[in-house]
Amino acid sequence: MSRPVRVRFAPSPTGYLHVGGARTALYNFLYAKNRGGKFILRIEDTDLERSTEEAMHMQIGDLKWLGLNWDEGVNPETLEDMGDKGPYRQSQRLEIYKEYAEKLIASGTAYYCFMTDEEIDKQREELKAAGKPPQVQSPYRDMDPAESKKKLDSGESAVVRFKVPKDKSEFVLKDLVRGEVKFPSDMVGDFVLIRSNGMPVYNFCCAIDDALMEISHVFRAEEHLSNTLRQMMVYEALGLEVPEFGHLSIILGADKQKLSKRHGATSCNQYRELGYLPEAMNNFIALMGWSHPEGKEVMTSEEMQKAFSTDRLNPASAVFDEVKLKWMNASHLRELDHAELWSRVKPFLDEAGLELPEDPQWQDRALSVFKTSMETLADAVELFRPISAKNYKVDDTAADALSWDSSKAVIEKWKSLVAAAAEDYLSEEQFVEAQNAVKTECGVKGKHLFMPIRVAVIGKPQGAELKHLVPLMKKDLLIERAQLALNQ
RNA sequence: GUUCCCUUCGUCUAGAGGCCCAGGACAUCGCCCUUUCACGGCGAAGACACGGGUUCGACUCCCGUAGGGAACGCCA
């Protein structure tokens, strides 16, 4: 009961980290932090068909991006073992699984099964047709070990199956999020422990690893709920200590189906590319299935760590709402100090080829002007593009403002006033002065005044306040643009 | 088919028998701020899946029904 808290995230490296996986990782991380425990990263790469080294890098990269740093497991830089309960990649633990499988065989709770795929398929069909649960019923279940040894030696391939107790007993799981869950033992058939190629199967290595790595709590997705029965059987047969489990709800798409590729962006990496902040991602994901005791919504990781507890975990599935994610991203965006925000925005600006001043003070001012209209980092591109030294063009939406009788005169006057300025940049006051001068000189006011000027400055009839925008732009640039607007 | 899980505003959720003719957030719609756009402020509309119990009293407990999901793999 008073075991030290050790939790783990155990992805199988088959692609980028999915938002569902990210939430699982996050909850484990938060729990470890909250309880002063250890967070461990284990790689479940026993499926040779689907696991790749590249995907492992992707998963690790995504976890790092989210800031879910682990204390033990695969080292994020060197990929070597970090901690004394390794190896942390299942593909490197094969001997261990083999040893335990042999123990089970020796004790009669597991056996070699020589059924072929065809035989199993056929049996499944028949059972289904008969309205029975499609569980394998292996004729090798009670074969004399000596005889199976002989078959094995003669080169026949076999899997190792767990011998599920035939006496109908009940397994009770005290789930941290679902309460008491009871499983009849005949809910599952004799499941595979070791594949014929020698690789262990999830339910086997997961149980062994969690026990050997002294994992105290397992938070994982709900689809593993019925796997827990199998794992409990393995624990029991081997006399290993069972961790506590918490089965998290599934994350759904807008159509209430399990979130998948066809719902659009579902991996953390995609959200990173779209300009989402890891802070916002964590915060948003945390709130799909957990809530702060005081109902706080926008939180830092530290706040979440402090407040996290399993009794506020919600068993019902949640729909992933990108609109709210956006709002949350905007909230976090505005909390960042400008030096930090600039460093996040910079890659997006560079990517778009924008040419902007290097001066931190300029960047600071620019961000105060633009950040209230940014929801994602990527939004900065269109916001900064109009004041970038490159890429100026008069937008189609500006045609109206340019068509008024007085517009040409307004822009001419504006241009001459800018040209008369002494410094490289106009101050806010100078801009207001100039605008007033245009007003009296040309005899226009209201939108006939500021719309043409706005177009002469940014090429569009709408945007941030001119008195904030103009001081961000070099005098020469303003003149050049006024001319371009006149040429329209 | 069998077993298991889930079900409060459109969405994320609060609610652990009277505090709830159900609270917050996003979205929506108004108004205010604003010589544009955002930000911000204020306000409106909007839900206990259904049916039975238990109880003086049920969103909260029990049982059904319906709907959704998961598992029954040499995937995890």
# chains A, B, ... in the order shown; residues from 1 in each chain; ligands from 1
$ closest_atom_pairs --of "chain A" --to "chain B" --cutoff "6 Å" --atoms "only C-alpha atoms (C1' of nucleotides)" --output "tab-separated table"
residue	atom	partner	partner_atom	distance
A:Gly131	CA	B:G1	C1'	5.3
A:Pro133	CA	B:U2	C1'	5.6
A:Met187	CA	B:U3	C1'	5.8
A:Arg195	CA	B:C74	C1'	4.6
A:Glu223	CA	B:A70	C1'	5.3
A:Ser226	CA	B:A71	C1'	5.7
A:Ala316	CA	B:C6	C1'	5.3
A:Lys324	CA	B:C26	C1'	4.8
A:Thr372	CA	B:C39	C1'	5.2
A:Ser373	CA	B:A38	C1'	4.8
A:Gly446	CA	B:U35	C1'	5.2
A:Gln462	CA	B:U36	C1'	5.2
A:Gly463	CA	B:C37	C1'	4.8
$ select_by_dssp --residues "range 22-82 of chain A" --states "alpha helix (DSSP H)" --output "ChimeraX atom specification"
/A:22-34,53-66
$ residues_around --residues "Val19 in chain A" --least-positions-apart "3" --cutoff "12 Å" --atoms "only C-alpha atoms (C1' of nucleotides)" --output "PyMOL selection string"
chain A and resi 16+22-26+59+62-63+66+221+250-253+258-261+264-272+278+281-282+284-286+288+319-320+322
$ residues_around --residues "Glu335 in chain A" --least-positions-apart "3" --cutoff "12 Å" --atoms "only C-alpha atoms (C1' of nucleotides)" --output "PyMOL selection string"
chain A and resi 277+279-280+298-300+328-332+338-341+367-368+371-372
$ write_last_selection --atoms "N, CA and C atoms" --output "mmCIF file, in the first residue's frame"
data_model
loop_
_atom_site.group_PDB
_atom_site.id
_atom_site.type_symbol
_atom_site.label_atom_id
_atom_site.label_comp_id
_atom_site.auth_asym_id
_atom_site.auth_seq_id
_atom_site.Cartn_x
_atom_site.Cartn_y
_atom_site.Cartn_z
ATOM 1 N N LEU A 277 0.965 25.533 -28.644
ATOM 2 C CA LEU A 277 1.955 25.534 -27.580
ATOM 3 C C LEU A 277 1.851 24.241 -26.780
ATOM 4 N N GLU A 279 2.299 23.949 -23.725
ATOM 5 C CA GLU A 279 1.593 24.312 -22.492
ATOM 6 C C GLU A 279 0.083 24.178 -22.679
ATOM 7 N N ALA A 280 -0.396 24.659 -23.830
ATOM 8 C CA ALA A 280 -1.828 24.634 -24.095
ATOM 9 C C ALA A 280 -2.296 23.207 -24.356
ATOM 10 N N VAL A 298 -7.419 27.458 -17.135
ATOM 11 C CA VAL A 298 -6.119 27.751 -17.725
ATOM 12 C C VAL A 298 -5.069 27.594 -16.630
ATOM 13 N N MET A 299 -4.215 26.601 -16.809
ATOM 14 C CA MET A 299 -3.254 26.274 -15.754
ATOM 15 C C MET A 299 -1.858 26.031 -16.313
ATOM 16 N N THR A 300 -0.879 26.252 -15.474
ATOM 17 C CA THR A 300 0.488 25.884 -15.826
ATOM 18 C C THR A 300 0.664 24.418 -15.448
ATOM 19 N N MET A 328 -7.750 27.921 -25.755
ATOM 20 C CA MET A 328 -6.786 27.681 -24.691
ATOM 21 C C MET A 328 -5.380 28.055 -25.141
ATOM 22 N N ASN A 329 -5.094 27.764 -26.399
ATOM 23 C CA ASN A 329 -3.791 28.115 -26.930
ATOM 24 C C ASN A 329 -3.605 29.633 -26.901
ATOM 25 N N ALA A 330 -4.655 30.340 -27.307
ATOM 26 C CA ALA A 330 -4.597 31.803 -27.299
ATOM 27 C C ALA A 330 -4.357 32.314 -25.879
ATOM 28 N N SER A 331 -4.995 31.696 -24.906
ATOM 29 C CA SER A 331 -4.814 32.119 -23.518
ATOM 30 C C SER A 331 -3.371 31.949 -23.074
ATOM 31 N N HIS A 332 -2.805 30.802 -23.386
ATOM 32 C CA HIS A 332 -1.419 30.556 -22.979
ATOM 33 C C HIS A 332 -0.450 31.456 -23.732
ATOM 34 N N HIS A 338 7.351 38.363 -23.821
ATOM 35 C CA HIS A 338 7.567 38.584 -25.248
ATOM 36 C C HIS A 338 8.840 37.975 -25.813
ATOM 37 N N ALA A 339 9.874 37.933 -25.003
ATOM 38 C CA ALA A 339 11.113 37.320 -25.500
ATOM 39 C C ALA A 339 10.849 35.846 -25.804
ATOM 40 N N GLU A 340 10.133 35.211 -24.900
ATOM 41 C CA GLU A 340 9.807 33.809 -25.066
ATOM 42 C C GLU A 340 8.858 33.606 -26.252
ATOM 43 N N LEU A 341 7.838 34.440 -26.311
ATOM 44 C CA LEU A 341 6.867 34.334 -27.404
ATOM 45 C C LEU A 341 7.571 34.495 -28.746
ATOM 46 N N LEU A 367 4.897 42.483 -30.749
ATOM 47 C CA LEU A 367 4.080 41.432 -30.139
ATOM 48 C C LEU A 367 2.955 42.015 -29.295
ATOM 49 N N SER A 368 3.211 43.147 -28.642
ATOM 50 C CA SER A 368 2.100 43.730 -27.873
ATOM 51 C C SER A 368 0.973 44.128 -28.801
ATOM 52 N N LYS A 371 -0.334 40.218 -30.422
ATOM 53 C CA LYS A 371 -0.637 38.961 -29.742
ATOM 54 C C LYS A 371 -2.114 38.777 -29.380
ATOM 55 N N THR A 372 -2.851 39.872 -29.247
ATOM 56 C CA THR A 372 -4.269 39.680 -28.945
ATOM 57 C C THR A 372 -5.042 39.125 -30.129
#
$ closest_atom_pairs --of "range 187-286 of chain A" --to "range 77-95 of chain A" --cutoff "9 Å" --atoms "only C-alpha atoms" --output "JSON lines"
{"residue": "A:Gly198", "atom": "CA", "partner": "A:Leu94", "partner_atom": "CA", "distance": 8.2}
{"residue": "A:Met199", "atom": "CA", "partner": "A:Leu94", "partner_atom": "CA", "distance": 7.1}
{"residue": "A:Pro200", "atom": "CA", "partner": "A:Leu94", "partner_atom": "CA", "distance": 7.4}
{"residue": "A:Cys205", "atom": "CA", "partner": "A:Gln90", "partner_atom": "CA", "distance": 7.5}
{"residue": "A:Asp209", "atom": "CA", "partner": "A:Gln90", "partner_atom": "CA", "distance": 8.4}
{"residue": "A:Leu212", "atom": "CA", "partner": "A:Lys85", "partner_atom": "CA", "distance": 7.3}
{"residue": "A:Met213", "atom": "CA", "partner": "A:Lys85", "partner_atom": "CA", "distance": 5.5}
{"residue": "A:Glu214", "atom": "CA", "partner": "A:Lys85", "partner_atom": "CA", "distance": 8.5}
$ residues_around --residues "Val136 in chain A" --least-positions-apart "3" --cutoff "10 Å" --atoms "only C-alpha atoms (C1' of nucleotides)" --output "count of residues only"
14
$ residues_around --residues "G23 in chain B" --least-positions-apart "3" --cutoff "12 Å" --atoms "only C-alpha atoms (C1' of nucleotides)" --output "number ranges by chain"
A: 294-295; B: 8-9, 13-15, 19-20
$ residues_around --residues "Phe39 in chain A" --least-positions-apart "6" --cutoff "10 Å" --atoms "only C-alpha atoms (C1' of nucleotides)" --output "VMD selection string"
chain A and resid 5 to 9 25 28 to 33 68 to 73 215
$ write_last_selection --atoms "N, CA, C and O atoms" --output "mmCIF file, in the first residue's frame"
data_model
loop_
_atom_site.group_PDB
_atom_site.id
_atom_site.type_symbol
_atom_site.label_atom_id
_atom_site.label_comp_id
_atom_site.auth_asym_id
_atom_site.auth_seq_id
_atom_site.Cartn_x
_atom_site.Cartn_y
_atom_site.Cartn_z
ATOM 1 N N VAL A 5 5.717 5.596 -5.225
ATOM 2 C CA VAL A 5 5.003 5.782 -6.477
ATOM 3 C C VAL A 5 5.954 5.698 -7.663
ATOM 4 O O VAL A 5 6.934 6.436 -7.741
ATOM 5 N N ARG A 6 5.677 4.751 -8.511
ATOM 6 C CA ARG A 6 6.428 4.599 -9.758
ATOM 7 C C ARG A 6 5.410 4.352 -10.858
ATOM 8 O O ARG A 6 4.706 3.352 -10.840
ATOM 9 N N VAL A 7 5.339 5.269 -11.791
ATOM 10 C CA VAL A 7 4.388 5.116 -12.891
ATOM 11 C C VAL A 7 5.152 5.103 -14.199
ATOM 12 O O VAL A 7 6.322 5.490 -14.245
ATOM 13 N N ARG A 8 4.487 4.663 -15.231
ATOM 14 C CA ARG A 8 5.201 4.589 -16.508
ATOM 15 C C ARG A 8 4.277 4.939 -17.662
ATOM 16 O O ARG A 8 3.061 4.848 -17.572
ATOM 17 N N PHE A 9 4.918 5.333 -18.752
ATOM 18 C CA PHE A 9 4.202 5.459 -20.011
ATOM 19 C C PHE A 9 4.925 4.482 -20.917
ATOM 20 O O PHE A 9 6.154 4.451 -20.949
ATOM 21 N N ALA A 25 0.175 9.708 -21.043
ATOM 22 C CA ALA A 25 1.509 10.057 -20.560
ATOM 23 C C ALA A 25 1.416 11.197 -19.541
ATOM 24 O O ALA A 25 2.027 11.154 -18.479
ATOM 25 N N ASN A 28 0.072 10.141 -16.109
ATOM 26 C CA ASN A 28 1.098 9.415 -15.371
ATOM 27 C C ASN A 28 2.152 10.376 -14.824
ATOM 28 O O ASN A 28 2.551 10.287 -13.664
ATOM 29 N N PHE A 29 2.545 11.292 -15.685
ATOM 30 C CA PHE A 29 3.537 12.303 -15.299
ATOM 31 C C PHE A 29 3.021 13.153 -14.132
ATOM 32 O O PHE A 29 3.711 13.336 -13.127
ATOM 33 N N LEU A 30 1.800 13.625 -14.266
ATOM 34 C CA LEU A 30 1.234 14.483 -13.223
ATOM 35 C C LEU A 30 1.115 13.744 -11.901
ATOM 36 O O LEU A 30 1.374 14.294 -10.836
ATOM 37 N N TYR A 31 0.741 12.486 -12.004
ATOM 38 C CA TYR A 31 0.586 11.700 -10.784
ATOM 39 C C TYR A 31 1.935 11.526 -10.101
ATOM 40 O O TYR A 31 2.063 11.697 -8.883
ATOM 41 N N ALA A 32 2.955 11.206 -10.889
ATOM 42 C CA ALA A 32 4.299 11.046 -10.332
ATOM 43 C C ALA A 32 4.745 12.337 -9.651
ATOM 44 O O ALA A 32 5.246 12.328 -8.529
ATOM 45 N N LYS A 33 4.540 13.441 -10.332
ATOM 46 C CA LYS A 33 4.965 14.722 -9.781
ATOM 47 C C LYS A 33 4.192 15.039 -8.500
ATOM 48 O O LYS A 33 4.761 15.490 -7.517
ATOM 49 N N LEU A 68 7.121 16.377 -20.901
ATOM 50 C CA LEU A 68 6.829 15.288 -19.967
ATOM 51 C C LEU A 68 8.113 14.499 -19.740
ATOM 52 O O LEU A 68 8.299 13.408 -20.258
ATOM 53 N N ASN A 69 9.003 15.077 -18.989
ATOM 54 C CA ASN A 69 10.317 14.460 -18.812
ATOM 55 C C ASN A 69 10.257 13.303 -17.839
ATOM 56 O O ASN A 69 9.625 13.384 -16.803
ATOM 57 N N TRP A 70 10.928 12.234 -18.226
ATOM 58 C CA TRP A 70 10.904 11.044 -17.391
ATOM 59 C C TRP A 70 12.190 10.905 -16.598
ATOM 60 O O TRP A 70 13.232 11.418 -16.979
ATOM 61 N N ASP A 71 12.057 10.218 -15.475
ATOM 62 C CA ASP A 71 13.187 10.064 -14.562
ATOM 63 C C ASP A 71 13.986 8.822 -14.865
ATOM 64 O O ASP A 71 15.130 8.677 -14.451
ATOM 65 N N GLU A 72 13.344 7.902 -15.526
ATOM 66 C CA GLU A 72 13.931 6.591 -15.704
ATOM 67 C C GLU A 72 13.420 6.016 -17.010
ATOM 68 O O GLU A 72 12.316 6.325 -17.438
ATOM 69 N N GLY A 73 14.218 5.182 -17.642
ATOM 70 C CA GLY A 73 13.778 4.556 -18.883
ATOM 71 C C GLY A 73 14.779 4.784 -19.978
ATOM 72 O O GLY A 73 15.972 4.863 -19.733
ATOM 73 N N ILE A 215 6.364 -1.015 -10.772
ATOM 74 C CA ILE A 215 5.383 0.016 -11.079
ATOM 75 C C ILE A 215 4.261 -0.074 -10.044
ATOM 76 O O ILE A 215 3.709 -1.140 -9.795
#
$ atom_distance --atom1 "CA of Glu241 in chain A" --atom2 "CA of Ile208 in chain A"
9.9 Å
$ select_by_dssp --residues "range 74-243 of chain A" --states "strand (DSSP E or B)" --output "PDB file with N, CA, C and O atoms, in the first residue's frame"
ATOM      1  N   VAL A  74      14.252   4.893 -21.193  1.00  0.00           N
ATOM      2  CA  VAL A  74      15.134   5.117 -22.328  1.00  0.00           C
ATOM      3  C   VAL A  74      15.615   6.559 -22.296  1.00  0.00           C
ATOM      4  O   VAL A  74      14.812   7.479 -22.258  1.00  0.00           O
ATOM      5  N   ASP A  81      19.901   2.921 -21.527  1.00  0.00           N
ATOM      6  CA  ASP A  81      19.098   2.788 -20.323  1.00  0.00           C
ATOM      7  C   ASP A  81      19.468   3.835 -19.296  1.00  0.00           C
ATOM      8  O   ASP A  81      20.639   4.145 -19.102  1.00  0.00           O
ATOM      9  N   MET A  82      18.438   4.331 -18.644  1.00  0.00           N
ATOM     10  CA  MET A  82      18.629   5.361 -17.636  1.00  0.00           C
ATOM     11  C   MET A  82      17.873   4.831 -16.415  1.00  0.00           C
ATOM     12  O   MET A  82      16.655   4.843 -16.399  1.00  0.00           O
ATOM     13  N   ARG A  89      13.618  -1.256 -23.082  1.00  0.00           N
ATOM     14  CA  ARG A  89      12.975  -1.551 -24.369  1.00  0.00           C
ATOM     15  C   ARG A  89      12.658  -3.027 -24.352  1.00  0.00           C
ATOM     16  O   ARG A  89      13.543  -3.855 -24.142  1.00  0.00           O
ATOM     17  N   ALA A 110       1.003 -22.856 -18.227  1.00  0.00           N
ATOM     18  CA  ALA A 110       1.122 -22.444 -19.627  1.00  0.00           C
ATOM     19  C   ALA A 110       1.539 -23.670 -20.415  1.00  0.00           C
ATOM     20  O   ALA A 110       2.042 -24.639 -19.846  1.00  0.00           O
ATOM     21  N   TYR A 111       1.312 -23.623 -21.714  1.00  0.00           N
ATOM     22  CA  TYR A 111       1.634 -24.796 -22.529  1.00  0.00           C
ATOM     23  C   TYR A 111       1.962 -24.395 -23.952  1.00  0.00           C
ATOM     24  O   TYR A 111       1.614 -23.301 -24.403  1.00  0.00           O
ATOM     25  N   TYR A 112       2.637 -25.277 -24.636  1.00  0.00           N
ATOM     26  CA  TYR A 112       2.925 -25.052 -26.051  1.00  0.00           C
ATOM     27  C   TYR A 112       1.704 -25.420 -26.858  1.00  0.00           C
ATOM     28  O   TYR A 112       1.076 -26.442 -26.623  1.00  0.00           O
ATOM     29  N   CYS A 113       1.372 -24.557 -27.796  1.00  0.00           N
ATOM     30  CA  CYS A 113       0.205 -24.828 -28.639  1.00  0.00           C
ATOM     31  C   CYS A 113       0.662 -24.847 -30.088  1.00  0.00           C
ATOM     32  O   CYS A 113       1.305 -23.916 -30.564  1.00  0.00           O
ATOM     33  N   VAL A 159       3.304 -21.641 -30.212  1.00  0.00           N
ATOM     34  CA  VAL A 159       3.204 -20.463 -29.354  1.00  0.00           C
ATOM     35  C   VAL A 159       3.072 -20.977 -27.931  1.00  0.00           C
ATOM     36  O   VAL A 159       2.747 -22.145 -27.715  1.00  0.00           O
ATOM     37  N   VAL A 160       3.323 -20.116 -26.984  1.00  0.00           N
ATOM     38  CA  VAL A 160       3.068 -20.490 -25.602  1.00  0.00           C
ATOM     39  C   VAL A 160       1.764 -19.837 -25.190  1.00  0.00           C
ATOM     40  O   VAL A 160       1.601 -18.628 -25.354  1.00  0.00           O
ATOM     41  N   ARG A 161       0.846 -20.642 -24.735  1.00  0.00           N
ATOM     42  CA  ARG A 161      -0.440 -20.098 -24.284  1.00  0.00           C
ATOM     43  C   ARG A 161      -0.578 -20.212 -22.778  1.00  0.00           C
ATOM     44  O   ARG A 161      -0.089 -21.151 -22.160  1.00  0.00           O
ATOM     45  N   PHE A 162      -1.277 -19.265 -22.218  1.00  0.00           N
ATOM     46  CA  PHE A 162      -1.578 -19.301 -20.790  1.00  0.00           C
ATOM     47  C   PHE A 162      -2.789 -20.202 -20.599  1.00  0.00           C
ATOM     48  O   PHE A 162      -3.737 -20.163 -21.368  1.00  0.00           O
ATOM     49  N   GLU A 170     -14.001 -15.494 -10.151  1.00  0.00           N
ATOM     50  CA  GLU A 170     -14.201 -14.091 -10.455  1.00  0.00           C
ATOM     51  C   GLU A 170     -12.967 -13.285 -10.076  1.00  0.00           C
ATOM     52  O   GLU A 170     -12.409 -13.476  -9.008  1.00  0.00           O
ATOM     53  N   PHE A 171     -12.551 -12.442 -10.970  1.00  0.00           N
ATOM     54  CA  PHE A 171     -11.437 -11.556 -10.670  1.00  0.00           C
ATOM     55  C   PHE A 171     -11.997 -10.171 -10.406  1.00  0.00           C
ATOM     56  O   PHE A 171     -12.778  -9.654 -11.194  1.00  0.00           O
ATOM     57  N   VAL A 172     -11.608  -9.597  -9.303  1.00  0.00           N
ATOM     58  CA  VAL A 172     -12.110  -8.270  -8.957  1.00  0.00           C
ATOM     59  C   VAL A 172     -10.991  -7.253  -9.065  1.00  0.00           C
ATOM     60  O   VAL A 172      -9.936  -7.402  -8.476  1.00  0.00           O
ATOM     61  N   LEU A 173     -11.259  -6.231  -9.853  1.00  0.00           N
ATOM     62  CA  LEU A 173     -10.288  -5.159 -10.047  1.00  0.00           C
ATOM     63  C   LEU A 173     -10.821  -3.913  -9.355  1.00  0.00           C
ATOM     64  O   LEU A 173     -11.960  -3.509  -9.584  1.00  0.00           O
ATOM     65  N   LYS A 174     -10.011  -3.344  -8.512  1.00  0.00           N
ATOM     66  CA  LYS A 174     -10.416  -2.073  -7.898  1.00  0.00           C
ATOM     67  C   LYS A 174      -9.790  -0.968  -8.709  1.00  0.00           C
ATOM     68  O   LYS A 174      -8.651  -0.575  -8.482  1.00  0.00           O
ATOM     69  N   ASP A 175     -10.532  -0.520  -9.674  1.00  0.00           N
ATOM     70  CA  ASP A 175     -10.006   0.468 -10.606  1.00  0.00           C
ATOM     71  C   ASP A 175     -10.096   1.865 -10.001  1.00  0.00           C
ATOM     72  O   ASP A 175     -11.119   2.238  -9.450  1.00  0.00           O
ATOM     73  N   GLY A 179     -13.912   2.320 -10.174  1.00  0.00           N
ATOM     74  CA  GLY A 179     -14.400   1.598  -9.008  1.00  0.00           C
ATOM     75  C   GLY A 179     -14.218   0.112  -9.191  1.00  0.00           C
ATOM     76  O   GLY A 179     -13.347  -0.334  -9.933  1.00  0.00           O
ATOM     77  N   GLU A 180     -15.077  -0.664  -8.552  1.00  0.00           N
ATOM     78  CA  GLU A 180     -14.907  -2.103  -8.590  1.00  0.00           C
ATOM     79  C   GLU A 180     -15.405  -2.692  -9.903  1.00  0.00           C
ATOM     80  O   GLU A 180     -16.550  -2.484 -10.282  1.00  0.00           O
ATOM     81  N   VAL A 181     -14.548  -3.405 -10.588  1.00  0.00           N
ATOM     82  CA  VAL A 181     -14.932  -4.051 -11.840  1.00  0.00           C
ATOM     83  C   VAL A 181     -14.698  -5.546 -11.677  1.00  0.00           C
ATOM     84  O   VAL A 181     -13.624  -5.977 -11.271  1.00  0.00           O
ATOM     85  N   LYS A 182     -15.748  -6.320 -11.989  1.00  0.00           N
ATOM     86  CA  LYS A 182     -15.608  -7.770 -11.826  1.00  0.00           C
ATOM     87  C   LYS A 182     -15.545  -8.460 -13.181  1.00  0.00           C
ATOM     88  O   LYS A 182     -16.322  -8.144 -14.077  1.00  0.00           O
ATOM     89  N   PHE A 183     -14.618  -9.377 -13.305  1.00  0.00           N
ATOM     90  CA  PHE A 183     -14.499 -10.149 -14.537  1.00  0.00           C
ATOM     91  C   PHE A 183     -14.701 -11.620 -14.242  1.00  0.00           C
ATOM     92  O   PHE A 183     -14.048 -12.155 -13.349  1.00  0.00           O
ATOM     93  N   PRO A 184     -15.546 -12.279 -15.004  1.00  0.00           N
ATOM     94  CA  PRO A 184     -15.594 -13.728 -14.895  1.00  0.00           C
ATOM     95  C   PRO A 184     -14.340 -14.281 -15.574  1.00  0.00           C
ATOM     96  O   PRO A 184     -13.928 -13.781 -16.613  1.00  0.00           O
ATOM     97  N   VAL A 192      -2.180 -16.019 -25.877  1.00  0.00           N
ATOM     98  CA  VAL A 192      -0.780 -16.257 -26.233  1.00  0.00           C
ATOM     99  C   VAL A 192       0.148 -15.430 -25.349  1.00  0.00           C
ATOM    100  O   VAL A 192      -0.094 -14.258 -25.094  1.00  0.00           O
ATOM    101  N   LEU A 193       1.189 -16.072 -24.893  1.00  0.00           N
ATOM    102  CA  LEU A 193       2.214 -15.405 -24.090  1.00  0.00           C
ATOM    103  C   LEU A 193       3.430 -15.101 -24.968  1.00  0.00           C
ATOM    104  O   LEU A 193       3.979 -14.015 -24.950  1.00  0.00           O
ATOM    105  N   ILE A 194       3.832 -16.145 -25.720  1.00  0.00           N
ATOM    106  CA  ILE A 194       4.999 -16.010 -26.590  1.00  0.00           C
ATOM    107  C   ILE A 194       4.598 -16.432 -28.001  1.00  0.00           C
ATOM    108  O   ILE A 194       4.016 -17.495 -28.195  1.00  0.00           O
ATOM    109  N   PRO A 200       7.448 -12.051 -27.172  1.00  0.00           N
ATOM    110  CA  PRO A 200       6.357 -12.107 -26.216  1.00  0.00           C
ATOM    111  C   PRO A 200       5.215 -11.200 -26.669  1.00  0.00           C
ATOM    112  O   PRO A 200       5.419 -10.315 -27.489  1.00  0.00           O
ATOM    113  N   HIS A 217       1.445   2.153  -9.981  1.00  0.00           N
ATOM    114  CA  HIS A 217       0.143   2.544 -10.524  1.00  0.00           C
ATOM    115  C   HIS A 217       0.213   2.541 -12.040  1.00  0.00           C
ATOM    116  O   HIS A 217       1.190   3.024 -12.600  1.00  0.00           O
ATOM    117  N   VAL A 218      -0.827   2.025 -12.643  1.00  0.00           N
ATOM    118  CA  VAL A 218      -0.874   2.007 -14.103  1.00  0.00           C
ATOM    119  C   VAL A 218      -2.086   2.798 -14.572  1.00  0.00           C
ATOM    120  O   VAL A 218      -3.227   2.432 -14.305  1.00  0.00           O
ATOM    121  N   PHE A 219      -1.831   3.924 -15.240  1.00  0.00           N
ATOM    122  CA  PHE A 219      -2.926   4.681 -15.853  1.00  0.00           C
ATOM    123  C   PHE A 219      -2.818   4.446 -17.342  1.00  0.00           C
ATOM    124  O   PHE A 219      -1.774   4.716 -17.940  1.00  0.00           O
ATOM    125  N   ARG A 220      -3.853   3.922 -17.906  1.00  0.00           N
ATOM    126  CA  ARG A 220      -3.817   3.593 -19.328  1.00  0.00           C
ATOM    127  C   ARG A 220      -5.231   3.693 -19.870  1.00  0.00           C
ATOM    128  O   ARG A 220      -6.181   3.884 -19.135  1.00  0.00           O
ATOM    129  N   ALA A 221      -5.337   3.561 -21.196  1.00  0.00           N
ATOM    130  CA  ALA A 221      -6.637   3.762 -21.822  1.00  0.00           C
ATOM    131  C   ALA A 221      -7.596   2.606 -21.545  1.00  0.00           C
ATOM    132  O   ALA A 221      -7.191   1.482 -21.265  1.00  0.00           O
TER     133      ALA A 221
END
$ atom_distance --atom1 "CA of Glu441 in chain A" --atom2 "CA of Val470 in chain A"
20.2 Å
